[in-house]
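Quick notes on the structure that follows.
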2 protein chains.
Amino acid sequence: MLARTDELIAELCGRFPGRVSTTPPDRSAYARDLWPRGLIGAAAGDAAPHPPDAVVWPTSTDEVAEIVRAAQRTGTPIVPYGAGSGVCGGAMPIRGGLLVDLKRMRRLVELDARAGAATFEAGVLGEHLEHELNRRGFTLGHFPSSIMCSTYGGWLAARSAGQLSTKYGKIEDMVRRLTFVDGRGQIHELESGGSPDLVQLVVGSEGTLGIITQATCTVRPLPDVRLYRGWAFPRVAAGLEAIRRLLQRNLRPAAVRLYDELDSFLHRSEKEKPHEGHESEHDAAQSEGSALGEWLAMLTPSGRGLLADWKKRAINAALSRPDLVNRFAGAVLPYAQNGCLLVVGFEGERTTTEAETLAAAVELERAGGRDLGPGPGERWLAHRYAVSFRMSKVFDAGAFVDTMEVATTWDRLLELYAAVRQAVSPIAFVMAHFSHAYADGCSIYFTFAAKGATRVDAERKYDAIWRAGLAAANRVGATISHHHGVGLSKAPFMPEEHGEAMSIYRALKDVLDPSSIMNPGKMGL
Amino acid sequence: MLARTDELIAELCGRFPGRVSTTPPDRSAYARDLWPRGLIGAAAGDAAPHPPDAVVWPTSTDEVAEIVRAAQRTGTPIVPYGAGSGVCGGAMPIRGGLLVDLKRMRRLVELDARAGAATFEAGVLGEHLEHELNRRGFTLGHFPSSIMCSTYGGWLAARSAGQLSTKYGKIEDMVRRLTFVDGRGQIHELESGGSPDLVQLVVGSEGTLGIITQATCTVRPLPDVRLYRGWAFPRVAAGLEAIRRLLQRNLRPAAVRLYDELDSFLHRSEKEKPHEGHESEHDAAQSEGSALGEWLAMLTPSGRGLLADWKKRAINAALSRPDLVNRFAGAVLPYAQNGCLLVVGFEGERTTTEAETLAAAVELERAGGRDLGPGPGERWLAHRYAVSFRMSKVFDAGAFVDTMEVATTWDRLLELYAAVRQAVSPIAFVMAHFSHAYADGCSIYFTFAAKGATRVDAERKYDAIWRAGLAAANRVGATISHHHGVGLSKAPFMPEEHGEAMSIYRALKDVLDPSSIMNPGKMGL
């Protein structure tokens, strides 16, 4: 720790008694977020290489500004922190310094029912925010699977998408106003929609330009009705074509999720197994790879927590010979009946929602879909959050799992799917679903799992998977980040995606954070 | 003209033979856009004080970049120009220099039906762009009343909104990719949706950071059906409340237009007059203020081109004693039957559009509306473009007309309406309609007309109206520009609206246009 950082911490301890910590447990707890590469080391019992020197908990925008100004004087790095659910290392310190945890800033500042707008402080947990709105008859319409362990400010900082973004938009579409402390400690109140619109610069900047402390978003009345159903399609291509036609006919489902053959196969076998739930948690824990299996099962509409023995064995096989399992999926599964599961849900005012459901059914049948009834849709709805906060449990003995969300326009979507699968298949067990569909395109959510002989081997494999997957995405011309952000894991791919635009971004960084203290090393800056 | 500008023009003439003009007619034709303050002088026969020194017509992005680099070397100001329909002076040179007219860049570069995306060069006229798409079964969904006399690039540069923006979004919501030449002549290819999203910085920058040369937008299939109807509401407040409830119940009409009492009164009397159309154009032209009357009538759903004698007299009276007419409107009209006309239109796929129409009818009746049938909706639809390109005809003998579009959230909308009306009423005849409604708020489109004894008196009145109107908008906390841009007319109000954010904007300007040659004096920079 630099002498000047020491000086800063002493100053902050005096200024904010009881709200600054330098204890080893706190420093260690805040040394990582949910970036799987970091969790490989954590599972192996290694300490994070660059824990923060101190953690501070401000309670107001003015305090945040004061902290930033003090850090700028001493040249101390700052990492803004919400709930640490990020999976790209965006909230992981890599040069020590000060970790600014916003979770004590969690107030509902104002709910203006007439304006259809709510203002919250940035540190509020997603689930709490939604609960506060629901109590008053409203919803934000933003439901990331991490909602239990992510914050409002984190959503804005990383351009988060909820599971119903097809209807309600991504978080950047909802934000109207935000309060932002730049890297000089200057407070900005920015509004969407005027010229220049600087809100979209701050949204998605992942703490590299400053700290979002408060924001106003559009809220909606709770829907009168929710109509979610499952549809079966023989192949991914047919399912995607159906989604594209739905969207381009201006139908706006809340949820659209198409699982690829392997993903669908795992769901279905899960649902069909005869003695479901009879296996004890203890048995499951004994089998290597079971936590992974449990986690994978959570991705499914049936949402079961336990797997049959055969499936555990299959996953273990997949971890050691992913190439074989992937080849099986590519070659055999497409010819199985009901290859792919599509979940489509509409919600809102009753009359129009029923009409939308009807119009969608006509379109989906025309596209070759078979109606599976409300079951799969309702199961998905019931279990949709049971994923993110369980992920860290699967890391064990070199096994790891991660997700990669890339997006592109409809014309390149199948190419993107094939390219990433092909690039990652030799190294990892890979499955995918398509969600977050829009009129112009769709994102693909790849889940991959692999196992290294040692920690170092696991990290090597992990890096190889990402290099191969993102290089494939770049080749197709896709965006490498739909809603998980960029952080550390995708930073090396920024110049290739953004080209000359990075120079504009760097120039902005120089203006707003002239001392380069804000979340250094992230976003390719 | 500076010697260095001379040098630049000589260079460009050599480089682009036949595509550079320094003739007085060309310089004079490009010395103004449709900013009404400029038209007051034009009607009085005065020359524009700062015509461009030369006009150049590039045909490609590379040529634009070459021109900008040459201008940067000589420090010559550049004004990018589309079709000159701007009403805020954004395309009006104020320091001479080079006017870059993009109208020879008008190609449809690509229509990708699968991707639902079209790429056009920036100089294409709106009507031509829409026609090209319609021929192929698509629409952009962007219908500003200026569509006959404005360009795609101009829409993007000024954050244009079409009349159906409630359904299709503003132009900034449609854009996916754009090609942009900055003030150093560097070419950028920017994409929406990633982090950082720099597209929204360039959109709305009105040529102050560089020149948009090409863009890709989302396109939609042509709607199967269009269902437009008129509704009567006793008061503006009731009509607005009805619109808010429609929008906040997630209904998305294509058009929502509520005319205030005076605006509605003029429409209605227009429709009800017995010998409609029998008056000759010649008679109309003889009466002072008739061109204004004709133009005002064009704003109405009935869209008639001629006015009855009594109305011409009323408008003349209004021009000399606006305070009296405005007071009449405020005091008497609200108590007349059918005070306000609301046009609501849905369009799209048949089943859902019919359901939306039904759901909207239930909501509008519950809010106190009376169904007037499809007539007013269809009349509005038929005449919706017959406005912008006629505006310049009304400037005569010191009479002038202008429109002011401000916007705010639902909670402040009536306050904004009252504040601007009150501020402008002593100086000008003022009427308004509410359009471009969204879940979070709505814009108000004020039309005002006045007459000065002399050119100088007219300009003095004109400035007083804008000062009073925008100061009122600022006080309410509204945005001073919903879709006409900022240009010159609103530039002095930028610091008050954007505060500290202007420093970020200036810093960006320094990076992208270090020689300050791009559209100098605009946007408050």
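Going through the structure tokens in order, the chains are called A, B, and so on, while each chain numbers its residues from 1 and the ligands are numbered from 1 in the order shown.
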Sorted by chain and rising residue number, which residues of chain A lie within 8 Å of chain B, and what are their closest atom pairs and distances in Å to one decimal, counting only C-alpha atoms, as JSON lines?
{"residue": "A:Asp112", "atom": "CA", "partner": "B:Asp411", "partner_atom": "CA", "distance": 7.9}
{"residue": "A:Arg114", "atom": "CA", "partner": "B:Asp411", "partner_atom": "CA", "distance": 5.5}
{"residue": "A:Ala115", "atom": "CA", "partner": "B:Trp410", "partner_atom": "CA", "distance": 4.7}
{"residue": "A:Gly116", "atom": "CA", "partner": "B:Asp440", "partner_atom": "CA", "distance": 5.9}
{"residue": "A:Ala117", "atom": "CA", "partner": "B:Asp440", "partner_atom": "CA", "distance": 7.1}
{"residue": "A:Arg159", "atom": "CA", "partner": "B:Ser195", "partner_atom": "CA", "distance": 7.8}
{"residue": "A:His188", "atom": "CA", "partner": "B:Glu500", "partner_atom": "CA", "distance": 6.2}
{"residue": "A:Glu189", "atom": "CA", "partner": "B:Ala501", "partner_atom": "CA", "distance": 7.8}
{"residue": "A:Leu190", "atom": "CA", "partner": "B:Ala501", "partner_atom": "CA", "distance": 7.0}
{"residue": "A:Gly193", "atom": "CA", "partner": "B:His482", "partner_atom": "CA", "distance": 7.8}
{"residue": "A:Gly194", "atom": "CA", "partner": "B:Thr479", "partner_atom": "CA", "distance": 6.5}
{"residue": "A:Ser195", "atom": "CA", "partner": "B:Gly204", "partner_atom": "CA", "distance": 5.3}
{"residue": "A:Pro196", "atom": "CA", "partner": "B:Gly204", "partner_atom": "CA", "distance": 6.3}
{"residue": "A:Asp197", "atom": "CA", "partner": "B:Leu201", "partner_atom": "CA", "distance": 6.3}
{"residue": "A:Leu198", "atom": "CA", "partner": "B:Leu201", "partner_atom": "CA", "distance": 6.9}
{"residue": "A:Gln200", "atom": "CA", "partner": "B:Asp197", "partner_atom": "CA", "distance": 6.4}
{"residue": "A:Leu201", "atom": "CA", "partner": "B:Asp197", "partner_atom": "CA", "distance": 6.3}
{"residue": "A:Gly204", "atom": "CA", "partner": "B:Ser195", "partner_atom": "CA", "distance": 5.3}
{"residue": "A:Ser205", "atom": "CA", "partner": "B:Pro196", "partner_atom": "CA", "distance": 6.4}
{"residue": "A:Thr218", "atom": "CA", "partner": "B:Asp440", "partner_atom": "CA", "distance": 6.3}
{"residue": "A:Arg220", "atom": "CA", "partner": "B:Gln248", "partner_atom": "CA", "distance": 6.4}
{"residue": "A:Pro221", "atom": "CA", "partner": "B:Arg249", "partner_atom": "CA", "distance": 6.9}
{"residue": "A:Gln248", "atom": "CA", "partner": "B:Arg220", "partner_atom": "CA", "distance": 6.4}
{"residue": "A:Arg249", "atom": "CA", "partner": "B:Glu349", "partner_atom": "CA", "distance": 6.6}
{"residue": "A:Asn250", "atom": "CA", "partner": "B:Gly348", "partner_atom": "CA", "distance": 7.1}
{"residue": "A:Gly348", "atom": "CA", "partner": "B:Asn250", "partner_atom": "CA", "distance": 7.1}
{"residue": "A:Glu349", "atom": "CA", "partner": "B:Arg249", "partner_atom": "CA", "distance": 6.6}
{"residue": "A:Thr351", "atom": "CA", "partner": "B:Ala355", "partner_atom": "CA", "distance": 6.4}
{"residue": "A:Thr352", "atom": "CA", "partner": "B:Ala355", "partner_atom": "CA", "distance": 5.3}
{"residue": "A:Ala355", "atom": "CA", "partner": "B:Thr352", "partner_atom": "CA", "distance": 5.4}
{"residue": "A:Glu356", "atom": "CA", "partner": "B:Thr352", "partner_atom": "CA", "distance": 5.7}
{"residue": "A:Ala359", "atom": "CA", "partner": "B:Thr351", "partner_atom": "CA", "distance": 6.4}
{"residue": "A:Thr409", "atom": "CA", "partner": "B:Ala115", "partner_atom": "CA", "distance": 5.7}
{"residue": "A:Trp410", "atom": "CA", "partner": "B:Ala115", "partner_atom": "CA", "distance": 4.8}
{"residue": "A:Asp411", "atom": "CA", "partner": "B:Ala115", "partner_atom": "CA", "distance": 4.9}
{"residue": "A:Ala439", "atom": "CA", "partner": "B:Gly116", "partner_atom": "CA", "distance": 7.1}
{"residue": "A:Asp440", "atom": "CA", "partner": "B:Gly116", "partner_atom": "CA", "distance": 5.8}
{"residue": "A:Gly441", "atom": "CA", "partner": "B:Ala115", "partner_atom": "CA", "distance": 7.0}
{"residue": "A:Thr479", "atom": "CA", "partner": "B:Gly194", "partner_atom": "CA", "distance": 6.6}
{"residue": "A:Ser481", "atom": "CA", "partner": "B:Gly194", "partner_atom": "CA", "distance": 6.8}
{"residue": "A:His482", "atom": "CA", "partner": "B:Gly194", "partner_atom": "CA", "distance": 7.1}
{"residue": "A:Gly485", "atom": "CA", "partner": "B:Ser195", "partner_atom": "CA", "distance": 7.6}
{"residue": "A:Val486", "atom": "CA", "partner": "B:Ser195", "partner_atom": "CA", "distance": 7.8}
{"residue": "A:His498", "atom": "CA", "partner": "B:Leu190", "partner_atom": "CA", "distance": 7.5}
{"residue": "A:Glu500", "atom": "CA", "partner": "B:His188", "partner_atom": "CA", "distance": 6.2}
{"residue": "A:Ala501", "atom": "CA", "partner": "B:His188", "partner_atom": "CA", "distance": 6.7}
{"residue": "A:Ile504", "atom": "CA", "partner": "B:Val511", "partner_atom": "CA", "distance": 7.4}
{"residue": "A:Tyr505", "atom": "CA", "partner": "B:Pro196", "partner_atom": "CA", "distance": 7.1}
{"residue": "A:Ala507", "atom": "CA", "partner": "B:Val511", "partner_atom": "CA", "distance": 6.7}
{"residue": "A:Leu508", "atom": "CA", "partner": "B:Leu508", "partner_atom": "CA", "distance": 6.7}
{"residue": "A:Val511", "atom": "CA", "partner": "B:Ala507", "partner_atom": "CA", "distance": 6.7}
{"residue": "A:Leu512", "atom": "CA", "partner": "B:Ile504", "partner_atom": "CA", "distance": 7.6}
**Fill in**
Min atom-atom distance to Ala255 of chain B from the set B:Ser435, B:Thr208, B:Thr216, B:Thr403, counting only C-alpha atoms, belongs to B:Ser435
**Message:** Using DSSP secondary structure from the backbone, list all helix (DSSP H, G or I) positions within segment 49-188 of chain B, as a count of residues only.
**Reply:** 38
**Item:** Close residues, Ala31 of chain B itself excluded, 12 Å, only C-alpha atoms, min 5 positions apart in chain, as a PyMOL selection string
**Value:** chain B and resi 24-26+38-39+41-42+46-55+79+81+84+89-99
**Prompt:** In terms of the shortest atom-to-atom distance over only C-alpha atoms, which of A:Phe400, A:Arg421, A:Ala458, A:Leu488 is closest to Ala471 of chain A?
**Reply:** A:Arg421
**Request:** Quick one: everything within 12 Å of His433 of chain B, counting only C-alpha atoms, minus sequence neighbours fewer than 5 positions away in the same chain. Send it as a PyMOL selection string.
**Result:** chain B and resi 236+239-240+256-264+267+299-301+340-343+403-407+417+421+442-448
What does the file look like for those residues with N, CA, C and O atoms, as a tab-separated table (two decimals), in the first residue's frame?
chain	number	residue	atom	x	y	z
B	236	VAL	N	-58.74	20.19	-21.90
B	236	VAL	CA	-57.39	19.70	-22.14
B	236	VAL	C	-56.96	18.73	-21.03
B	236	VAL	O	-56.41	17.65	-21.30
B	239	GLY	N	-58.43	15.29	-21.43
B	239	GLY	CA	-57.84	14.61	-22.57
B	239	GLY	C	-56.44	14.10	-22.26
B	239	GLY	O	-56.07	12.98	-22.61
B	240	LEU	N	-55.67	14.93	-21.58
B	240	LEU	CA	-54.31	14.53	-21.23
B	240	LEU	C	-54.30	13.35	-20.28
B	240	LEU	O	-53.48	12.43	-20.41
B	256	VAL	N	-51.22	9.94	-31.37
B	256	VAL	CA	-52.04	10.51	-30.28
B	256	VAL	C	-51.86	12.01	-30.40
B	256	VAL	O	-50.76	12.51	-30.21
B	257	ARG	N	-52.91	12.71	-30.71
B	257	ARG	CA	-52.80	14.17	-30.84
B	257	ARG	C	-54.01	14.81	-30.18
B	257	ARG	O	-55.14	14.57	-30.58
B	258	LEU	N	-53.76	15.61	-29.19
B	258	LEU	CA	-54.83	16.31	-28.49
B	258	LEU	C	-54.68	17.80	-28.79
B	258	LEU	O	-53.63	18.39	-28.50
B	259	TYR	N	-55.72	18.39	-29.37
B	259	TYR	CA	-55.68	19.81	-29.71
B	259	TYR	C	-56.30	20.61	-28.59
B	259	TYR	O	-57.32	20.21	-28.05
B	260	ASP	N	-55.71	21.71	-28.23
B	260	ASP	CA	-56.29	22.48	-27.13
B	260	ASP	C	-57.56	23.19	-27.62
B	260	ASP	O	-57.95	23.09	-28.77
B	261	GLU	N	-58.23	23.91	-26.71
B	261	GLU	CA	-59.54	24.45	-27.03
B	261	GLU	C	-59.51	25.34	-28.27
B	261	GLU	O	-60.36	25.21	-29.16
B	262	LEU	N	-58.53	26.21	-28.36
B	262	LEU	CA	-58.50	27.13	-29.49
B	262	LEU	C	-58.18	26.39	-30.78
B	262	LEU	O	-58.83	26.59	-31.81
B	263	ASP	N	-57.19	25.55	-30.69
B	263	ASP	CA	-56.80	24.74	-31.85
B	263	ASP	C	-58.01	23.93	-32.34
B	263	ASP	O	-58.35	23.92	-33.53
B	264	SER	N	-58.72	23.29	-31.39
B	264	SER	CA	-59.88	22.48	-31.75
B	264	SER	C	-61.00	23.33	-32.33
B	264	SER	O	-61.67	22.95	-33.28
B	267	HIS	N	-60.39	24.13	-35.88
B	267	HIS	CA	-60.64	22.97	-36.73
B	267	HIS	C	-62.12	22.79	-36.98
B	267	HIS	O	-62.55	22.53	-38.08
B	299	LEU	N	-52.73	22.78	-40.03
B	299	LEU	CA	-52.38	22.05	-38.82
B	299	LEU	C	-53.53	21.18	-38.34
B	299	LEU	O	-53.38	20.38	-37.44
B	300	THR	N	-54.70	21.40	-38.94
B	300	THR	CA	-55.90	20.76	-38.41
B	300	THR	C	-56.16	19.42	-39.08
B	300	THR	O	-55.69	19.17	-40.17
B	301	PRO	N	-56.94	18.57	-38.41
B	301	PRO	CA	-57.28	17.28	-39.01
B	301	PRO	C	-58.09	17.45	-40.28
B	301	PRO	O	-58.02	16.62	-41.16
B	340	CYS	N	-62.18	19.79	-26.75
B	340	CYS	CA	-60.90	19.39	-27.32
B	340	CYS	C	-61.03	18.15	-28.18
B	340	CYS	O	-61.70	17.20	-27.81
B	341	LEU	N	-60.31	18.18	-29.28
B	341	LEU	CA	-60.31	17.03	-30.18
B	341	LEU	C	-59.07	16.17	-29.91
B	341	LEU	O	-57.95	16.69	-29.83
B	342	LEU	N	-59.30	14.88	-29.77
B	342	LEU	CA	-58.18	13.94	-29.63
B	342	LEU	C	-58.22	12.97	-30.81
B	342	LEU	O	-59.26	12.37	-31.09
B	343	VAL	N	-57.11	12.86	-31.52
B	343	VAL	CA	-57.00	11.85	-32.57
B	343	VAL	C	-56.14	10.71	-32.04
B	343	VAL	O	-55.04	10.94	-31.53
B	403	THR	N	-43.34	27.58	-34.39
B	403	THR	CA	-43.81	26.51	-33.52
B	403	THR	C	-42.72	26.25	-32.48
B	403	THR	O	-41.55	26.43	-32.74
B	404	MET	N	-43.15	25.86	-31.31
B	404	MET	CA	-42.22	25.64	-30.21
B	404	MET	C	-42.60	24.30	-29.59
B	404	MET	O	-43.72	24.14	-29.11
B	405	GLU	N	-41.71	23.32	-29.67
B	405	GLU	CA	-42.03	22.00	-29.14
B	405	GLU	C	-41.20	21.76	-27.90
B	405	GLU	O	-39.99	21.69	-27.94
B	406	VAL	N	-41.86	21.68	-26.80
B	406	VAL	CA	-41.19	21.41	-25.54
B	406	VAL	C	-41.78	20.11	-25.00
B	406	VAL	O	-42.83	19.66	-25.47
B	407	ALA	N	-41.14	19.50	-24.06
B	407	ALA	CA	-41.64	18.22	-23.56
B	407	ALA	C	-41.31	18.08	-22.09
B	407	ALA	O	-40.33	18.64	-21.60
B	417	TYR	N	-47.83	23.57	-19.93
B	417	TYR	CA	-48.79	24.15	-20.87
B	417	TYR	C	-49.21	25.54	-20.42
B	417	TYR	O	-49.15	26.52	-21.17
B	421	ARG	N	-48.06	29.17	-22.23
B	421	ARG	CA	-49.18	29.98	-22.73
B	421	ARG	C	-49.20	31.36	-22.08
B	421	ARG	O	-49.33	32.38	-22.74
B	442	CYS	N	-44.88	13.63	-22.50
B	442	CYS	CA	-45.51	14.04	-23.75
B	442	CYS	C	-44.91	15.37	-24.18
B	442	CYS	O	-44.40	16.12	-23.34
B	443	SER	N	-44.95	15.63	-25.46
B	443	SER	CA	-44.49	16.95	-25.89
B	443	SER	C	-45.68	17.86	-26.16
B	443	SER	O	-46.80	17.39	-26.40
B	444	ILE	N	-45.46	19.15	-26.07
B	444	ILE	CA	-46.50	20.14	-26.41
B	444	ILE	C	-45.98	20.92	-27.60
B	444	ILE	O	-44.83	21.37	-27.60
B	445	TYR	N	-46.82	21.06	-28.57
B	445	TYR	CA	-46.44	21.75	-29.80
B	445	TYR	C	-47.23	23.05	-29.84
B	445	TYR	O	-48.42	23.06	-30.17
B	446	PHE	N	-46.56	24.14	-29.48
B	446	PHE	CA	-47.23	25.44	-29.51
B	446	PHE	C	-47.06	26.05	-30.89
B	446	PHE	O	-45.98	26.00	-31.48
B	447	THR	N	-48.13	26.64	-31.39
B	447	THR	CA	-48.03	27.45	-32.61
B	447	THR	C	-48.33	28.88	-32.19
B	447	THR	O	-49.30	29.13	-31.49
B	448	PHE	N	-47.44	29.79	-32.55
B	448	PHE	CA	-47.75	31.18	-32.22
B	448	PHE	C	-47.58	32.05	-33.46
B	448	PHE	O	-46.80	31.73	-34.37
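Going from atom CA of Pro17 of chain B over to atom CA of Asn519 of chain B, you cover 24.4 Å.
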**Request:** Could you check how far atom CA of Thr74 of chain B sits from atom CA of Thr5 of chain B, in Å to one decimal?
**Result:** 6.4 Å
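Across A:Arg4, A:Arg135, A:Arg73, A:His436, the tightest approach to Ile243 of chain A is made by A:His436 when counting only C-alpha atoms.
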**Request:** Fewer than 6 positions away in the same chain doesn't count, so skip those; otherwise give me all residues within 10 Å of Trp231 of chain B, counting only C-alpha atoms, as an MDAnalysis selection string.
**Result:** chainID B and resid 239 258 338 340:344 361 364:365 368:374 376:377
**Message:** Between atom CA of Gly210 of chain B and atom CA of Gly162 of chain B, what is the distance in Å, rounded to a tenth?
**Reply:** 23.7 Å
**Request:** Please report, as an MDAnalysis selection string, each residue of segment 87-287 of chain A to which DSSP assigns strand (DSSP E or B) when run on this structure's backbone.
**Result:** chainID A and resid 98:101 108:112 117:121 125 138:139 151 175:182 187:191 210:218 220:221 225:233 255:259
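Closest to Ala10 of chain A among A:Ala453, A:Ala70, A:Leu34, A:Ala367 is A:Ala70, based on only C-alpha atoms.
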